[in-house]
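Asks: model02.txt is the file, holding compact mmCIF, C-alpha atoms and all ligand atoms:
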# COMPACT_ATOMS: atom_id res chain seq x y z
CA MET A 1 94.25 132.88 79.74
CA ARG A 2 95.94 132.12 83.03
CA MET A 3 93.97 132.44 86.21
CA SER A 4 95.39 132.91 89.65
CA ARG A 5 94.95 129.95 91.95
CA ARG A 6 92.62 132.01 94.16
CA ALA A 7 90.41 132.74 91.17
CA VAL A 8 90.28 129.07 90.23
CA VAL A 9 89.42 128.08 93.80
CA ALA A 10 86.73 130.78 93.91
CA LEU A 11 85.21 129.52 90.66
CA VAL A 12 85.30 125.92 91.86
CA GLY A 13 83.66 127.12 95.08
CA VAL A 14 80.83 128.83 93.19
CA ALA A 15 80.35 125.76 91.00
CA ALA A 16 80.20 123.58 94.09
CA LEU A 17 77.60 125.83 95.67
CA LEU A 18 75.47 125.79 92.53
CA THR A 19 75.70 122.01 92.27
CA ALA A 20 74.83 121.63 95.94
CA SER A 21 71.73 123.81 95.70
CA ALA A 22 70.68 122.24 92.40
CA CYS A 23 70.85 118.77 93.92
CA GLY A 24 69.49 119.78 97.29
CA SER A 25 72.60 118.21 98.86
CA ASP A 26 73.92 119.63 102.11
CA ASP A 27 77.39 118.09 102.31
CA ASP A 28 78.98 120.76 100.17
CA GLY A 29 78.99 124.50 100.37
CA GLY A 30 77.23 126.39 103.10
CA GLU A 31 78.75 129.30 104.92
CA GLY A 32 81.95 127.53 105.87
CA GLY A 33 82.55 126.02 102.39
CA SER A 34 82.97 122.29 101.81
CA THR A 35 82.52 119.88 104.68
CA LYS A 36 83.99 116.97 102.72
CA VAL A 37 87.54 115.88 103.42
CA GLU A 38 89.02 114.04 100.48
CA VAL A 39 91.75 111.76 101.82
CA PHE A 40 94.08 110.63 99.04
CA THR A 41 95.96 107.36 99.68
CA TRP A 42 96.80 104.09 97.94
CA TRP A 43 95.11 102.04 100.66
CA ALA A 44 92.31 100.49 98.65
CA ASP A 45 92.10 96.90 99.83
CA GLY A 46 92.93 94.26 102.47
CA GLY A 47 94.94 95.30 105.52
CA GLU A 48 95.68 98.72 104.08
CA LYS A 49 91.97 99.52 103.73
CA ALA A 50 91.30 98.04 107.18
CA GLY A 51 93.81 100.50 108.66
CA LEU A 52 92.28 103.42 106.78
CA ASP A 53 88.78 102.36 107.88
CA GLY A 54 89.93 102.45 111.51
CA LEU A 55 91.13 106.01 111.06
CA VAL A 56 87.90 106.99 109.31
CA THR A 57 85.80 105.69 112.20
CA GLN A 58 87.84 107.75 114.66
CA PHE A 59 87.54 110.79 112.37
CA GLY A 60 83.75 110.36 112.45
CA THR A 61 83.85 110.52 116.24
CA ASP A 62 86.28 113.43 116.47
CA CYS A 63 85.10 115.59 113.59
CA ALA A 64 81.31 115.89 113.70
CA GLY A 65 79.94 117.76 110.71
CA GLN A 66 82.80 116.69 108.44
CA THR A 67 82.50 113.88 105.89
CA PHE A 68 85.29 111.56 104.79
CA GLU A 69 85.67 111.16 101.05
CA ASN A 70 87.80 108.26 99.90
CA GLY A 71 90.29 109.36 97.24
CA ALA A 72 92.27 106.09 97.21
CA VAL A 73 94.02 105.02 93.99
CA ALA A 74 94.97 101.32 94.16
CA GLY A 75 98.52 100.05 93.57
CA GLY A 76 101.20 99.03 96.07
CA ALA A 77 103.65 101.69 97.30
CA GLY A 78 101.62 104.33 95.48
CA ALA A 79 102.81 103.19 92.04
CA ASN A 80 99.65 104.64 90.43
CA ALA A 81 98.55 107.08 93.13
CA LYS A 82 101.72 109.16 92.97
CA THR A 83 101.27 109.80 89.24
CA VAL A 84 97.65 110.88 89.69
CA LEU A 85 98.61 113.06 92.64
CA ALA A 86 101.46 114.73 90.76
CA SER A 87 99.10 115.78 87.99
CA ARG A 88 96.48 117.09 90.42
CA LEU A 89 99.10 119.13 92.25
CA GLN A 90 100.37 120.41 88.94
CA GLN A 91 96.85 121.54 88.01
CA ASN A 92 96.21 123.10 91.43
CA THR A 93 93.35 120.73 92.18
CA PRO A 94 94.77 119.02 95.27
CA PRO A 95 92.83 116.66 97.49
CA ASP A 96 92.23 117.93 101.04
CA THR A 97 95.05 115.72 102.28
CA PHE A 98 97.35 113.02 100.92
CA GLN A 99 99.75 110.45 102.31
CA ALA A 100 103.47 111.11 101.93
CA HIS A 101 106.47 109.29 103.37
CA ALA A 102 108.42 111.08 106.06
CA GLY A 103 111.98 111.93 104.99
CA ALA A 104 113.30 112.64 101.51
CA GLU A 105 109.99 112.03 99.74
CA LEU A 106 108.25 114.66 101.87
CA LEU A 107 111.04 117.07 101.00
CA ASP A 108 109.98 116.84 97.33
CA TYR A 109 106.60 118.39 98.18
CA ILE A 110 108.14 120.97 100.52
CA ASP A 111 110.72 122.05 97.95
CA ALA A 112 107.98 122.37 95.33
CA GLY A 113 105.97 124.60 97.69
CA GLN A 114 103.00 122.22 97.51
CA ILE A 115 102.28 121.73 101.21
CA GLU A 116 101.68 124.01 104.20
CA ASP A 117 103.70 124.51 107.35
CA ILE A 118 101.64 123.10 110.24
CA SER A 119 104.13 123.79 113.07
CA ALA A 120 101.60 125.96 114.93
CA ASP A 121 99.11 123.06 114.96
CA TYR A 122 101.83 120.78 116.33
CA ASP A 123 102.09 123.16 119.26
CA SER A 124 98.37 123.38 119.89
CA TRP A 125 97.85 119.61 119.53
CA GLY A 126 100.85 118.77 121.74
CA LEU A 127 102.49 116.68 119.01
CA LYS A 128 106.10 117.71 119.58
CA GLN A 129 106.06 115.78 122.84
CA ALA A 130 104.04 112.88 121.42
CA PHE A 131 106.53 111.69 118.77
CA PRO A 132 110.13 110.54 119.23
CA ALA A 133 112.73 113.29 118.82
CA GLY A 134 114.38 111.44 115.88
CA LEU A 135 111.13 111.37 113.92
CA ILE A 136 110.45 115.04 114.66
CA GLY A 137 113.97 115.68 113.32
CA ASN A 138 113.10 113.82 110.10
CA LEU A 139 109.94 115.87 109.66
CA THR A 140 111.48 119.26 110.38
CA VAL A 141 112.82 121.40 107.56
CA ASP A 142 114.28 124.82 108.37
CA GLY A 143 112.49 124.73 111.71
CA LYS A 144 109.08 123.96 110.20
CA ILE A 145 106.96 120.79 110.23
CA TYR A 146 104.73 119.89 107.30
CA SER A 147 103.05 116.57 108.08
CA VAL A 148 101.59 114.35 110.77
CA PRO A 149 103.00 110.79 110.88
CA ALA A 150 100.43 108.03 111.29
CA ASN A 151 102.84 105.16 111.95
CA ILE A 152 106.22 103.49 111.68
CA HIS A 153 106.48 100.54 109.30
CA ARG A 154 109.37 98.10 109.05
CA ALA A 155 110.54 97.16 105.55
CA ASN A 156 113.18 94.43 106.10
CA VAL A 157 110.98 91.50 107.07
CA VAL A 158 110.64 88.06 105.45
CA TRP A 159 107.17 86.50 105.67
CA THR A 160 106.78 82.74 105.48
CA ASN A 161 104.23 80.00 104.92
CA LYS A 162 104.88 77.83 107.98
CA LYS A 163 103.50 74.66 106.42
CA VAL A 164 105.68 74.94 103.32
CA LEU A 165 108.75 75.36 105.53
CA ALA A 166 107.76 72.54 107.90
CA ASP A 167 107.28 70.19 104.92
CA ALA A 168 110.86 70.99 103.92
CA GLY A 169 112.11 70.30 107.45
CA ILE A 170 112.89 73.96 108.19
CA THR A 171 112.22 74.86 111.81
CA GLU A 172 114.44 77.89 112.43
CA ALA A 173 114.97 81.30 110.89
CA PRO A 174 118.21 81.41 108.82
CA LYS A 175 121.04 83.26 110.55
CA ASP A 176 122.71 84.59 107.44
CA LEU A 177 122.41 84.73 103.67
CA ALA A 178 124.17 81.38 103.16
CA ALA A 179 121.72 79.67 105.52
CA PHE A 180 118.81 81.35 103.69
CA LEU A 181 120.04 80.05 100.34
CA ALA A 182 120.37 76.57 101.84
CA ASP A 183 116.76 76.76 103.07
CA LEU A 184 115.55 77.97 99.68
CA ASP A 185 117.23 74.89 98.21
CA LYS A 186 115.43 72.65 100.70
CA VAL A 187 112.04 74.10 99.71
CA LYS A 188 112.95 73.75 96.04
CA ALA A 189 113.86 70.11 96.61
CA LYS A 190 110.26 69.57 97.80
CA GLY A 191 109.04 70.51 94.31
CA ILE A 192 108.37 74.20 94.83
CA ALA A 193 110.22 75.58 91.82
CA THR A 194 110.23 79.25 92.90
CA PRO A 195 110.21 79.37 96.71
CA LEU A 196 110.85 83.12 96.91
CA ALA A 197 107.77 85.16 95.94
CA LEU A 198 108.60 88.44 94.25
CA GLY A 199 106.74 91.24 92.51
CA LYS A 200 107.64 94.11 90.21
CA ASP A 201 110.30 96.85 90.35
CA TRP A 202 109.78 98.47 93.77
CA THR A 203 109.43 95.09 95.48
CA GLN A 204 112.73 94.07 93.87
CA LEU A 205 114.33 97.30 95.10
CA MET A 206 113.13 96.42 98.61
CA LEU A 207 114.71 92.97 98.44
CA PHE A 208 117.93 94.49 97.16
CA GLU A 209 117.98 97.08 99.96
CA SER A 210 117.79 94.24 102.50
CA VAL A 211 120.70 92.48 100.78
CA LEU A 212 122.65 95.77 100.85
CA ILE A 213 122.09 96.08 104.61
CA THR A 214 123.50 92.56 105.05
CA ASP A 215 126.51 93.12 102.81
CA LEU A 216 127.40 96.70 103.79
CA GLY A 217 126.14 96.92 107.37
CA PRO A 218 123.71 99.61 108.53
CA GLU A 219 126.14 102.52 108.65
CA LYS A 220 127.53 102.14 105.13
CA PHE A 221 124.02 101.39 103.88
CA THR A 222 122.73 104.71 105.25
CA GLY A 223 125.74 106.40 103.67
CA LEU A 224 124.53 105.32 100.21
CA TRP A 225 121.65 107.77 100.56
CA ASN A 226 123.49 110.74 102.07
CA GLY A 227 126.54 110.60 99.84
CA THR A 228 129.07 109.21 102.31
CA THR A 229 129.16 105.71 100.76
CA ASP A 230 130.18 105.36 97.12
CA TRP A 231 127.79 103.30 94.97
CA ASN A 232 130.92 102.11 93.13
CA ASP A 233 132.00 100.30 96.31
CA PRO A 234 132.84 96.64 95.54
CA LEU A 235 130.42 95.64 98.31
CA VAL A 236 127.58 97.09 96.23
CA GLY A 237 128.76 94.79 93.42
CA LYS A 238 128.72 91.86 95.84
CA ALA A 239 125.18 92.77 96.91
CA ILE A 240 124.03 92.84 93.28
CA ASN A 241 125.52 89.37 92.76
CA ASP A 242 123.83 88.08 95.92
CA PHE A 243 120.56 89.61 94.75
CA LYS A 244 121.03 87.96 91.36
CA GLN A 245 121.43 84.61 93.07
CA LEU A 246 118.21 85.19 95.03
CA LEU A 247 116.43 85.88 91.75
CA THR A 248 117.14 82.29 90.69
CA TYR A 249 114.66 81.23 93.40
CA ALA A 250 111.99 83.77 92.42
CA ASN A 251 108.94 83.51 90.14
CA THR A 252 109.74 84.62 86.60
CA ASP A 253 106.43 86.45 86.13
CA ARG A 254 107.51 88.89 88.88
CA ASP A 255 107.54 92.00 86.72
CA ALA A 256 103.77 91.73 86.22
CA LEU A 257 102.93 91.25 89.92
CA ASP A 258 102.06 93.70 92.67
CA TRP A 259 103.09 92.83 96.24
CA THR A 260 99.67 91.31 96.97
CA ASP A 261 99.94 88.97 93.96
CA ALA A 262 103.30 87.75 95.25
CA GLU A 263 101.81 87.43 98.74
CA LYS A 264 99.13 85.16 97.27
CA LEU A 265 101.85 82.76 96.09
CA VAL A 266 102.90 82.43 99.76
CA MET A 267 99.31 82.02 100.96
CA ASP A 268 98.63 79.37 98.30
CA GLY A 269 101.75 77.39 99.23
CA LYS A 270 103.34 78.05 95.83
CA ALA A 271 106.21 79.84 97.59
CA GLY A 272 107.65 79.73 101.08
CA TYR A 273 109.00 83.26 101.51
CA GLN A 274 108.42 86.90 100.62
CA LEU A 275 110.44 89.96 101.64
CA MET A 276 107.93 92.72 102.32
CA GLY A 277 107.12 95.53 104.72
CA ASP A 278 105.04 94.72 107.74
CA TRP A 279 101.81 95.88 106.11
CA GLU A 280 101.89 92.21 105.06
CA ALA A 281 101.04 91.14 108.64
CA ALA A 282 97.83 93.19 108.52
CA ASP A 283 97.02 92.01 105.00
CA LEU A 284 97.44 88.33 105.85
CA ASP A 285 95.26 88.88 108.92
CA ALA A 286 92.62 90.71 106.87
CA LYS A 287 92.60 87.82 104.39
CA GLY A 288 92.24 85.24 107.16
CA PHE A 289 95.57 83.50 106.47
CA LYS A 290 96.86 82.46 109.86
CA ASP A 291 99.71 80.05 109.21
CA TYR A 292 102.43 82.62 108.67
CA GLY A 293 105.76 83.36 110.32
CA TRP A 294 108.31 86.14 109.94
CA PHE A 295 111.95 86.99 110.54
CA THR A 296 114.24 89.93 109.89
CA PHE A 297 116.08 89.55 106.57
CA PRO A 298 119.06 87.21 107.18
CA GLY A 299 122.22 89.11 108.07
CA ASN A 300 120.41 92.36 108.95
CA GLY A 301 120.94 91.72 112.67
CA THR A 302 118.99 94.22 114.77
CA THR A 303 118.66 96.75 111.94
CA PHE A 304 115.13 98.14 111.65
CA GLN A 305 114.57 99.62 108.20
CA TRP A 306 111.87 102.17 108.89
CA LEU A 307 109.43 104.27 106.94
CA ALA A 308 106.53 106.41 108.08
CA ASP A 309 103.25 107.29 106.39
CA SER A 310 102.30 110.87 107.12
CA PHE A 311 99.48 113.19 106.08
CA VAL A 312 99.81 116.75 104.85
CA LEU A 313 97.81 119.92 104.27
CA PRO A 314 98.28 120.76 100.57
CA LYS A 315 98.39 124.38 99.48
CA GLY A 316 94.91 125.23 98.14
CA ALA A 317 93.17 122.36 99.97
CA PRO A 318 89.42 123.04 99.61
CA ASN A 319 88.46 122.30 103.22
CA VAL A 320 91.22 123.48 105.56
CA GLU A 321 89.17 123.20 108.75
CA GLY A 322 88.07 119.63 108.02
CA THR A 323 91.59 118.65 106.95
CA LYS A 324 93.04 119.99 110.19
CA CYS A 325 90.54 117.88 112.09
CA TRP A 326 91.69 114.83 110.06
CA LEU A 327 95.34 115.63 110.82
CA LYS A 328 94.58 116.04 114.52
CA THR A 329 92.90 112.62 114.54
CA VAL A 330 95.87 111.07 112.71
CA GLY A 331 98.23 112.35 115.40
CA SER A 332 96.01 111.51 118.37
CA ALA A 333 96.46 108.48 120.63
CA ALA A 334 93.01 107.15 119.67
CA GLY A 335 93.60 107.69 115.94
CA GLN A 336 96.98 105.95 116.02
CA LYS A 337 95.50 102.98 117.86
CA ALA A 338 92.52 102.70 115.50
CA PHE A 339 94.86 102.77 112.50
CA ASN A 340 97.92 100.82 113.57
CA THR A 341 96.18 97.89 115.24
CA ARG A 342 94.82 97.09 111.74
CA LYS A 343 97.71 98.24 109.52
CA GLY A 344 100.63 96.08 110.70
CA SER A 345 102.61 99.17 111.67
CA ILE A 346 103.43 100.52 115.10
CA PRO A 347 102.28 103.92 116.33
CA ALA A 348 104.58 106.87 115.78
CA ARG A 349 103.49 108.16 119.19
CA THR A 350 105.48 106.94 122.16
CA ASP A 351 102.52 106.57 124.55
CA ALA A 352 100.88 103.44 123.07
CA THR A 353 100.09 100.32 125.10
CA PRO A 354 101.67 97.26 123.42
CA ALA A 355 99.01 94.92 124.85
CA ASP A 356 96.41 96.66 122.65
CA TYR A 357 98.22 95.36 119.54
CA PRO A 358 98.41 92.04 117.65
CA GLN A 359 101.40 89.78 118.33
CA TYR A 360 103.49 90.96 115.39
CA GLN A 361 103.29 94.66 116.31
CA GLN A 362 104.15 93.89 119.94
CA ALA A 363 107.40 92.34 118.72
CA ALA A 364 108.05 95.26 116.36
CA MET A 365 107.48 97.81 119.14
CA ALA A 366 110.07 96.06 121.28
CA ASP A 367 112.54 95.86 118.37
CA TRP A 368 112.07 99.54 117.47
CA LYS A 369 113.28 100.65 120.89
CA SER A 370 116.66 98.93 120.72
CA ALA A 371 117.24 98.63 116.97
CA THR A 372 119.69 100.36 114.67
CA GLN A 373 117.49 102.46 112.41
CA VAL A 374 118.07 102.82 108.66
CA PRO A 375 115.78 104.45 106.07
CA SER A 376 114.14 102.98 102.95
CA CYS A 377 114.43 104.26 99.40
CA ALA A 378 111.52 102.22 98.01
CA HIS A 379 109.31 103.93 100.61
CA GLY A 380 110.72 107.42 100.57
CA SER A 381 112.46 107.82 103.90
CA ALA A 382 115.90 107.57 102.23
CA CYS A 383 115.48 109.02 98.75
CA SER A 384 113.40 111.38 96.66
CA GLN A 385 110.72 110.27 94.19
CA GLY A 386 113.04 110.94 91.28
CA TRP A 387 115.62 108.60 92.78
CA GLN A 388 112.95 105.96 93.48
CA ASN A 389 111.78 106.10 89.88
CA ALA A 390 115.34 105.79 88.56
CA ALA A 391 116.04 102.84 90.87
CA ASN A 392 112.75 101.14 89.98
CA SER A 393 113.45 101.29 86.29
CA ALA A 394 117.01 100.01 86.82
CA PHE A 395 115.55 97.00 88.61
CA GLY A 396 112.93 96.52 85.93
CA ALA A 397 115.77 96.27 83.39
CA PHE A 398 117.91 94.01 85.58
CA SER A 399 115.03 91.59 86.13
CA THR A 400 115.25 90.80 82.42
CA ASN A 401 118.91 91.35 81.46
CA GLN A 402 120.61 90.29 84.76
CA ASP A 403 123.56 92.53 83.84
CA VAL A 404 125.38 93.20 87.13
CA ALA A 405 127.71 95.90 85.81
CA ALA A 406 124.86 97.72 84.05
CA LEU A 407 122.77 97.77 87.23
CA GLN A 408 125.62 99.13 89.32
CA LYS A 409 126.29 101.78 86.69
CA ALA A 410 122.62 102.82 86.70
CA LEU A 411 122.60 103.02 90.50
CA VAL A 412 125.79 105.11 90.49
CA ALA A 413 124.23 107.45 87.95
CA ALA A 414 121.01 107.78 89.95
CA ALA A 415 122.94 108.65 93.10
CA GLY A 416 125.00 111.19 91.17
CA GLN A 417 121.84 112.86 89.96
CA PHE A 418 119.76 112.81 93.12
CA VAL A 419 121.91 112.66 96.24
CA LYS A 420 121.65 115.70 98.53
CA LYS A 421 124.73 115.86 100.72
C1 LIG A 501 104.16 101.85 101.40
C2 LIG A 501 103.29 102.47 102.47
C3 LIG A 501 102.65 101.41 103.28
C4 LIG A 501 101.98 100.37 102.41
C5 LIG A 501 102.89 99.93 101.26
C6 LIG A 501 102.29 98.96 100.27
O1 LIG A 501 104.76 102.81 100.60
O2 LIG A 501 104.09 103.27 103.28
O3 LIG A 501 101.74 101.98 104.19
O4 LIG A 501 100.81 100.90 101.96
O5 LIG A 501 103.37 101.03 100.57
O6 LIG A 501 101.32 99.55 99.47
Take the structure in the file and write it out as structure tokens.
Replies:
Amino acid sequence: MRMSRRAVVALVGVAALLTASACGSDDDGGEGGSTKVEVFTWWADGGEKAGLDGLVTQFGTDCAGQTFENGAVAGGAGANAKTVLASRLQQNTPPDTFQAHAGAELLDYIDAGQIEDISADYDSWGLKQAFPAGLIGNLTVDGKIYSVPANIHRANVVWTNKKVLADAGITEAPKDLAAFLADLDKVKAKGIATPLALGKDWTQLMLFESVLITDLGPEKFTGLWNGTTDWNDPLVGKAINDFKQLLTYANTDRDALDWTDAEKLVMDGKAGYQLMGDWEAADLDAKGFKDYGWFTFPGNGTTFQWLADSFVLPKGAPNVEGTKCWLKTVGSAAGQKAFNTRKGSIPARTDATPADYPQYQQAAMADWKSATQVPSCAHGSACSQGWQNAANSAFGAFSTNQDVAALQKALVAAAGQFVKK
């Protein structure tokens, strides 16, 4: 027997009421329905959890009578969370809200009819004026807006262990890829066999995207995702070869490591470098590791590869009122400060005060204003989830077989299947 979604929700509501009265609990049910807001993320630990905790504290202040429920599923970049979420959405048992990347990834949920239009709330909360016009453009589909961005992260950053580099006589950031390779050799010569810390599939895709930006330049790079640059371009082949060379400096157990495991290699002095988004700044801070440096991936110039975490109102969310209060907090000046000061990202709002932020974010805020912006596939601003999955598995295969032609062929095929011109 198939039940309508309304019938299922009604039944779940009755069950919740019965459970609440049976247990004498008062955080469920009542006249207005549930007062719990289940927030589904993959921010379970370290700097990611610290950022979420900041937001939760602000939510407690702004949304009296509502209770935060942590629905986090651990795993960098949502590797596990997205699978769990997909099955909950499929079964019409959504959380009250979930994180989704602005751009192509958000479009997946919109196209599937899984999230609500919240344009009217944007108007009443004054959000259209609060965010930069370009970001509003990225969030708008057929004149409607479906999510509230919490931040802007930068993906194309290399994090370093300053002591490891100093021991190898390295005092400056490398200007280009050749200089980076030379520095990797210097660290290797000091007995650190794999100076470039790397994790599994999506972290490899990130490193490759940075190499692509260097080899193709920002404009052609962006064209890879909108169909104006051909993935058969010889420069893509060059980028794969450059990436392959970088792999010779990376730990061979990479395919079993999440980004935090690779980060630990840097913290422990077993590696000197890791390419990772700037959530790493917050994570290193949360873990008390102070001796780190950073630079934009060599050859990327002033390109800022951006991504934005945003929160949505799923269709059939149990507690719409509480979720809207969460979304309002996410978009507010106080909410963005509470979150971003601890998350390594910069606020999506334009009215933040840089002096309120740690040193890294102050630099990122300044860069964001003058940078050339390009999107990220590994983090959904450039490509859909289907494309991400195809790319991740191509990199998983390449990590073992190192077959340049096969990787380019797989990337060409993925683009052919998923590009939306
Ligand atoms: C990204 C997300 C970031 C950070 C990162 C590592 O996809 O946008 O906020 O959580 O994954 O898990």
Asks: Extract, using all atoms listed in the file, all DNA, RNA and protein residues at most 12 Å from Ala371 in chain A, discarding same-chain residues fewer than 6 positions from it, and format them as an NGL selection string.
Replies: :A and (154 or 218 or 296 or 300-306 or 363-365)
Asks: Expressed in Å to a single decimal, how great is the separation between CA of Leu235 in chain A and CA of Phe208 in chain A?
Replies: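 Calculated distance between CA of Leu235 in chain A and CA of Phe208 in chain A is 12.6 Å.
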Asks: With distances taken over all atoms listed in the file, which of A:Gln402, A:Asn251, A:Thr203, A:Asn151 is nearest to Gly344 in chain A?
Replies: A:Asn151
Asks: Between CA of Tyr273 in chain A and CA of Trp159 in chain A, what is the spacing in Å?
Replies: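 Going from CA of Trp159 in chain A over to CA of Tyr273 in chain A covers 5.6 Å.
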Asks: Could you check the closest approach to ligand LIG 501 (chain A) for each of A:Ala72, A:Ala178, A:Leu184, A:Ala130 and tell me which residue wins, using all atoms listed in the file?
Replies: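 The shortest atom-to-atom distance to ligand LIG 501 (chain A) comes from A:Ala72.
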Asks: Give as an MDAnalysis selection string the residues surrounding ligand LIG 501 (chain A) up to a distance of 10 Å, considering all atoms listed in the file.
Replies: chainID A and resid 41:45 47:49 51:52 74:79 99:102 150:155 202:203 258:260 276:280 283 306:310 343:345 376:381
Asks: Kindly indicate which residue among A:Thr83, A:Thr140, A:Thr252, A:Gln408 lies nearest to Pro234 in chain A, using all atoms listed in the file for the distances.
Replies: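 Among the listed residues, A:Gln408 lies closest to Pro234 in chain A.
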Asks: Using only C-alpha atoms, which of the listed residues (A:Pro358, A:Gly113, A:Gly60, A:Gly299) sits closest to Gly217 in chain A?
Replies: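 Using only C-alpha atoms, the shortest distance to Gly217 in chain A belongs to A:Gly299.
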Asks: Could you check which of A:Lys36, A:Lys337, A:Lys188, A:Lys200 is closest to Cys63 in chain A, using all atoms listed in the file?
Replies: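 Of A:Lys36, A:Lys337, A:Lys188, A:Lys200, the one nearest Cys63 in chain A is A:Lys36, counting all atoms listed in the file.
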Asks: If I take CA of Tyr122 in chain A and CA of Gly33 in chain A, how far is one from the other in Å, to one decimal?
Replies: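 Going from CA of Tyr122 in chain A over to CA of Gly33 in chain A, I get 24.4 Å.
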Asks: Between A:Lys421, A:Ala81, A:Leu327, A:Ser147, which one has atoms that come closest to Gly223 in chain A, using only C-alpha atoms?
Replies: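 Smallest distance to Gly223 in chain A is found for A:Lys421.
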Asks: Can you list, as a list in words, every protein, DNA or RNA residue that comes within 7 Å of range 103-109 of chain A when you count all atoms listed in the file, leaving out same-chain residues fewer than 5 positions away?
Replies: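 Non-adjacent residues within range: Gln114, Ile115, Asn138, Leu139, Gly380, Ser381, Ala382, Cys383, Ser384 and Gln385 of chain A.
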Asks: May I have the residues within 10 Å of Leu196 in chain A as a list in words, using all atoms listed in the file and disregarding those fewer than 4 positions away in the same chain?
Replies: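 Skipping anything fewer than 4 positions along the chain leaves Val158, Thr160, Leu184, Val187, Lys188, Ile192, Leu246, Leu247, Thr248, Tyr249, Ala250, Asn251, Ala262, Leu265, Val266, Lys270, Ala271, Gly272, Tyr273, Gln274 and Leu275 of chain A.
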Asks: Kindly export the residues of the current selection with C-alpha atoms, as a PDB file, in the coordinates of the input.
Replies:
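Dumped everything to result_35.pdb:
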ATOM      1  CA  VAL A 158     110.640  88.060 105.450  1.00  0.00           C
ATOM      2  CA  THR A 160     106.780  82.740 105.480  1.00  0.00           C
ATOM      3  CA  LEU A 184     115.550  77.970  99.680  1.00  0.00           C
ATOM      4  CA  VAL A 187     112.040  74.100  99.710  1.00  0.00           C
ATOM      5  CA  LYS A 188     112.950  73.750  96.040  1.00  0.00           C
ATOM      6  CA  ILE A 192     108.370  74.200  94.830  1.00  0.00           C
ATOM      7  CA  LEU A 246     118.210  85.190  95.030  1.00  0.00           C
ATOM      8  CA  LEU A 247     116.430  85.880  91.750  1.00  0.00           C
ATOM      9  CA  THR A 248     117.140  82.290  90.690  1.00  0.00           C
ATOM     10  CA  TYR A 249     114.660  81.230  93.400  1.00  0.00           C
ATOM     11  CA  ALA A 250     111.990  83.770  92.420  1.00  0.00           C
ATOM     12  CA  ASN A 251     108.940  83.510  90.140  1.00  0.00           C
ATOM     13  CA  ALA A 262     103.300  87.750  95.250  1.00  0.00           C
ATOM     14  CA  LEU A 265     101.850  82.760  96.090  1.00  0.00           C
ATOM     15  CA  VAL A 266     102.900  82.430  99.760  1.00  0.00           C
ATOM     16  CA  LYS A 270     103.340  78.050  95.830  1.00  0.00           C
ATOM     17  CA  ALA A 271     106.210  79.840  97.590  1.00  0.00           C
ATOM     18  CA  GLY A 272     107.650  79.730 101.080  1.00  0.00           C
ATOM     19  CA  TYR A 273     109.000  83.260 101.510  1.00  0.00           C
ATOM     20  CA  GLN A 274     108.420  86.900 100.620  1.00  0.00           C
ATOM     21  CA  LEU A 275     110.440  89.960 101.640  1.00  0.00           C
TER      22      LEU A 275
END
Asks: Can you pull out the residues contacting Val404 in chain A? Cut-off 9 Å, using all atoms listed in the file, and skip same-chain residues under 4 positions away; I want them as an NGL selection string.
Replies: :A and (237 or 240-241 or 244 or 398 or 408-409)
Asks: Could you name the residues that touch Thr353 in chain A at 12 Å or less, counting all atoms listed in the file, but leaving out those on the same chain fewer than 2 positions away, as a ChimeraX atom specification?
Replies: /A:333-334,336-337,340-341,346-347,349-351,355-358,361-362,365-366
